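Accompanying notes for the structure given below.
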Amino acid sequence: QVQLVESGGGLVQAGGSLRLTCAASGGRTIATYAMGWFRQAPGKEREFVAAIGWRGVSTDYADSVKGRLTISRDNAKNTVYLQMNSLQAEDTAVYYCHSDASKFRPSTVVAGQSRDFGSWGQGTQVTVSS
């Protein structure tokens, strides 16, 4: 499995912005895998946030973040990003980067994947103060 390391989380006021970064390490590329971001708020289940296909062409978003969060990737840098704008208190959570386990698939396969599937990072905390 690939090792994924998230960064960029922090404390921000409502209406502010953050950019999360997910960097792959351990000698394996993520360039041929669909990638996604999930989040888990205190006392809640982990939920899907955004996904991007292996070529970076297809993307999918949870309804709650559409128009505010944007996922992108730079395969040359083995990195995936989540640009978060117009942040709300409800966005407060630990954000996890996720890699699909099978190559050459579109973004649509990511949303329903369980914790037992693919690779996951350790998470980065995002706190939005109202």
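Residues are named by chain letter and number: chains run A, B, ... in the order of the structure tokens, numbers start at 1 in each chain, and ligands are numbered from 1 in the order shown.
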- Find the spatial neighbours of Gly27 of chain A, counting only C-alpha atoms, within a cut-off of 9 Å - ignore same-chain residues fewer than 2 positions away - and output them as JSON, numbers by chain. {"A": [2, 3, 24, 25, 29]}
Restricting the output to N, CA, C and O atoms, write the selected residues as a PDB file, in the first residue's frame.
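Written out: again-v3.pdb:
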ATOM      1  N   VAL A   2       0.327   2.304  -0.572  1.00  0.00           N
ATOM      2  CA  VAL A   2       1.037   3.562  -0.607  1.00  0.00           C
ATOM      3  C   VAL A   2       0.862   4.281   0.718  1.00  0.00           C
ATOM      4  O   VAL A   2      -0.165   4.151   1.386  1.00  0.00           O
ATOM      5  N   GLN A   3       1.867   5.039   1.113  1.00  0.00           N
ATOM      6  CA  GLN A   3       1.767   5.863   2.319  1.00  0.00           C
ATOM      7  C   GLN A   3       1.302   7.257   1.918  1.00  0.00           C
ATOM      8  O   GLN A   3       1.880   7.874   1.018  1.00  0.00           O
ATOM      9  N   ALA A  24       2.057  11.440  -1.490  1.00  0.00           N
ATOM     10  CA  ALA A  24       2.312  10.000  -1.447  1.00  0.00           C
ATOM     11  C   ALA A  24       3.793   9.737  -1.263  1.00  0.00           C
ATOM     12  O   ALA A  24       4.628  10.433  -1.839  1.00  0.00           O
ATOM     13  N   SER A  25       4.106   8.727  -0.478  1.00  0.00           N
ATOM     14  CA  SER A  25       5.503   8.372  -0.266  1.00  0.00           C
ATOM     15  C   SER A  25       5.628   6.856  -0.232  1.00  0.00           C
ATOM     16  O   SER A  25       4.665   6.146  -0.502  1.00  0.00           O
ATOM     17  N   THR A  29       3.792   5.381  -6.807  1.00  0.00           N
ATOM     18  CA  THR A  29       3.095   6.503  -7.391  1.00  0.00           C
ATOM     19  C   THR A  29       1.589   6.368  -7.204  1.00  0.00           C
ATOM     20  O   THR A  29       1.052   5.260  -7.140  1.00  0.00           O
TER      21      THR A  29
END
- Quick one: everything within 7 Å of Met84 of chain A, counting only C-alpha atoms, minus sequence neighbours fewer than 2 positions away in the same chain. Send it as a VMD selection string. chain A and resid 17 to 19 68 to 70 82 86 to 87
Would you write out those residues with C-alpha atoms, as a tab-separated table (two decimals), in the first residue's frame?
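Result file selection34.tsv:
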chain	number	residue	atom	x	y	z
A	17	SER	CA	-10.02	29.23	3.14
A	18	LEU	CA	-7.55	26.39	3.54
A	19	ARG	CA	-5.74	24.12	1.10
A	68	ARG	CA	-16.96	25.53	-2.11
A	69	LEU	CA	-14.37	22.74	-2.20
A	70	THR	CA	-12.26	21.76	-5.20
A	82	LEU	CA	-8.32	19.99	-1.61
A	86	SER	CA	-16.17	29.68	2.19
A	87	LEU	CA	-15.60	27.35	5.11
Neighbour list for segment 125-130 of chain A as a short mmCIF file (atom, residue, chain, number, x, y, z; two decimals) with N, CA and C atoms, in the first residue's frame, cut-off 10 Å, only C-alpha atoms, skip fewer than 3 positions in-chain:
data_model
loop_
_atom_site.label_atom_id
_atom_site.label_comp_id
_atom_site.auth_asym_id
_atom_site.auth_seq_id
_atom_site.Cartn_x
_atom_site.Cartn_y
_atom_site.Cartn_z
N GLU A 6 -1.17 13.76 4.91
CA GLU A 6 -1.93 14.99 4.73
C GLU A 6 -1.27 16.14 5.48
N SER A 7 -1.48 17.34 4.97
CA SER A 7 -1.01 18.55 5.64
C SER A 7 -1.91 19.70 5.22
N GLY A 8 -1.77 20.83 5.93
CA GLY A 8 -2.52 22.02 5.55
C GLY A 8 -3.72 22.33 6.43
N GLY A 9 -4.04 21.44 7.35
CA GLY A 9 -5.15 21.70 8.23
C GLY A 9 -4.83 22.79 9.23
N GLY A 10 -5.84 23.24 9.96
CA GLY A 10 -5.62 24.27 10.95
C GLY A 10 -6.92 24.90 11.41
N LEU A 11 -6.78 26.03 12.07
CA LEU A 11 -7.93 26.78 12.58
C LEU A 11 -8.17 27.98 11.67
N VAL A 12 -9.42 28.14 11.26
CA VAL A 12 -9.76 29.25 10.36
C VAL A 12 -11.14 29.78 10.75
N GLN A 13 -11.38 31.05 10.51
CA GLN A 13 -12.68 31.63 10.79
C GLN A 13 -13.67 31.26 9.68
N ALA A 14 -14.93 31.26 10.03
CA ALA A 14 -15.97 30.99 9.04
C ALA A 14 -15.84 31.97 7.88
N GLY A 15 -15.97 31.44 6.66
CA GLY A 15 -15.79 32.24 5.46
C GLY A 15 -14.38 32.20 4.91
N GLY A 16 -13.46 31.65 5.69
CA GLY A 16 -12.06 31.60 5.27
C GLY A 16 -11.76 30.41 4.38
N SER A 17 -10.47 30.27 4.07
CA SER A 17 -10.02 29.23 3.14
C SER A 17 -8.83 28.46 3.70
N LEU A 18 -8.72 27.23 3.26
CA LEU A 18 -7.55 26.39 3.54
C LEU A 18 -7.29 25.53 2.32
N LEU A 20 -5.68 21.79 1.63
CA LEU A 20 -5.10 20.56 2.13
C LEU A 20 -4.26 19.91 1.04
N ARG A 39 -13.98 12.88 5.48
CA ARG A 39 -13.83 13.59 6.74
C ARG A 39 -14.67 12.92 7.82
N GLN A 40 -14.25 13.16 9.06
CA GLN A 40 -14.98 12.62 10.19
C GLN A 40 -15.04 13.66 11.30
N ALA A 41 -16.24 14.07 11.61
CA ALA A 41 -16.48 15.01 12.70
C ALA A 41 -16.69 14.25 14.00
N LEU A 87 -15.47 28.40 4.09
CA LEU A 87 -15.60 27.35 5.11
C LEU A 87 -16.66 27.71 6.14
N GLN A 88 -17.34 26.67 6.60
CA GLN A 88 -18.41 26.81 7.57
C GLN A 88 -18.08 25.97 8.81
N ALA A 89 -18.72 26.29 9.92
CA ALA A 89 -18.49 25.53 11.14
C ALA A 89 -18.75 24.04 10.93
N GLU A 90 -19.70 23.72 10.07
CA GLU A 90 -20.04 22.32 9.81
C GLU A 90 -18.94 21.57 9.08
N ASP A 91 -17.94 22.29 8.56
CA ASP A 91 -16.81 21.64 7.89
C ASP A 91 -15.75 21.17 8.88
N THR A 92 -15.91 21.51 10.14
CA THR A 92 -14.95 21.08 11.15
C THR A 92 -14.91 19.57 11.25
N ALA A 93 -13.72 19.01 11.06
CA ALA A 93 -13.56 17.55 11.06
C ALA A 93 -12.08 17.21 10.87
N VAL A 94 -11.78 15.94 11.02
CA VAL A 94 -10.49 15.42 10.59
C VAL A 94 -10.65 14.98 9.14
N TYR A 95 -9.78 15.45 8.28
CA TYR A 95 -9.85 15.16 6.85
C TYR A 95 -8.80 14.11 6.49
N TYR A 96 -9.26 13.07 5.79
CA TYR A 96 -8.42 11.94 5.41
C TYR A 96 -8.27 11.85 3.90
#
- Task: Step one, run DSSP on the backbone; step two, keep only residues of segment 7-130 of chain A assigned to helix (DSSP H, G or I); then write them as JSON, numbers by chain.
- Result: {"A": [75, 76, 77, 89, 90, 91, 107, 108, 109]}
Pull C-alpha atoms from the residues just selected and write them as a PDB file, in the first residue's frame.
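Everything below was put into again_26.pdb:
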ATOM      1  CA  ASN A  75       0.648  13.466 -10.834  1.00  0.00           C
ATOM      2  CA  ALA A  76       4.166  14.704 -11.543  1.00  0.00           C
ATOM      3  CA  LYS A  77       4.420  15.656  -7.875  1.00  0.00           C
ATOM      4  CA  ALA A  89     -18.488  25.526  11.144  1.00  0.00           C
ATOM      5  CA  GLU A  90     -20.043  22.318   9.805  1.00  0.00           C
ATOM      6  CA  ASP A  91     -16.812  21.644   7.886  1.00  0.00           C
ATOM      7  CA  SER A 107     -13.771   9.286  -9.556  1.00  0.00           C
ATOM      8  CA  THR A 108     -17.157   7.596  -9.239  1.00  0.00           C
ATOM      9  CA  VAL A 109     -15.660   4.497  -7.599  1.00  0.00           C
TER      10      VAL A 109
END
- Query: So which one's closest to Gly26 of chain A, A:Gln1, A:Gln122, A:Thr59, A:Gln113? Using only C-alpha atoms, please.
  - Reply: A:Gln1
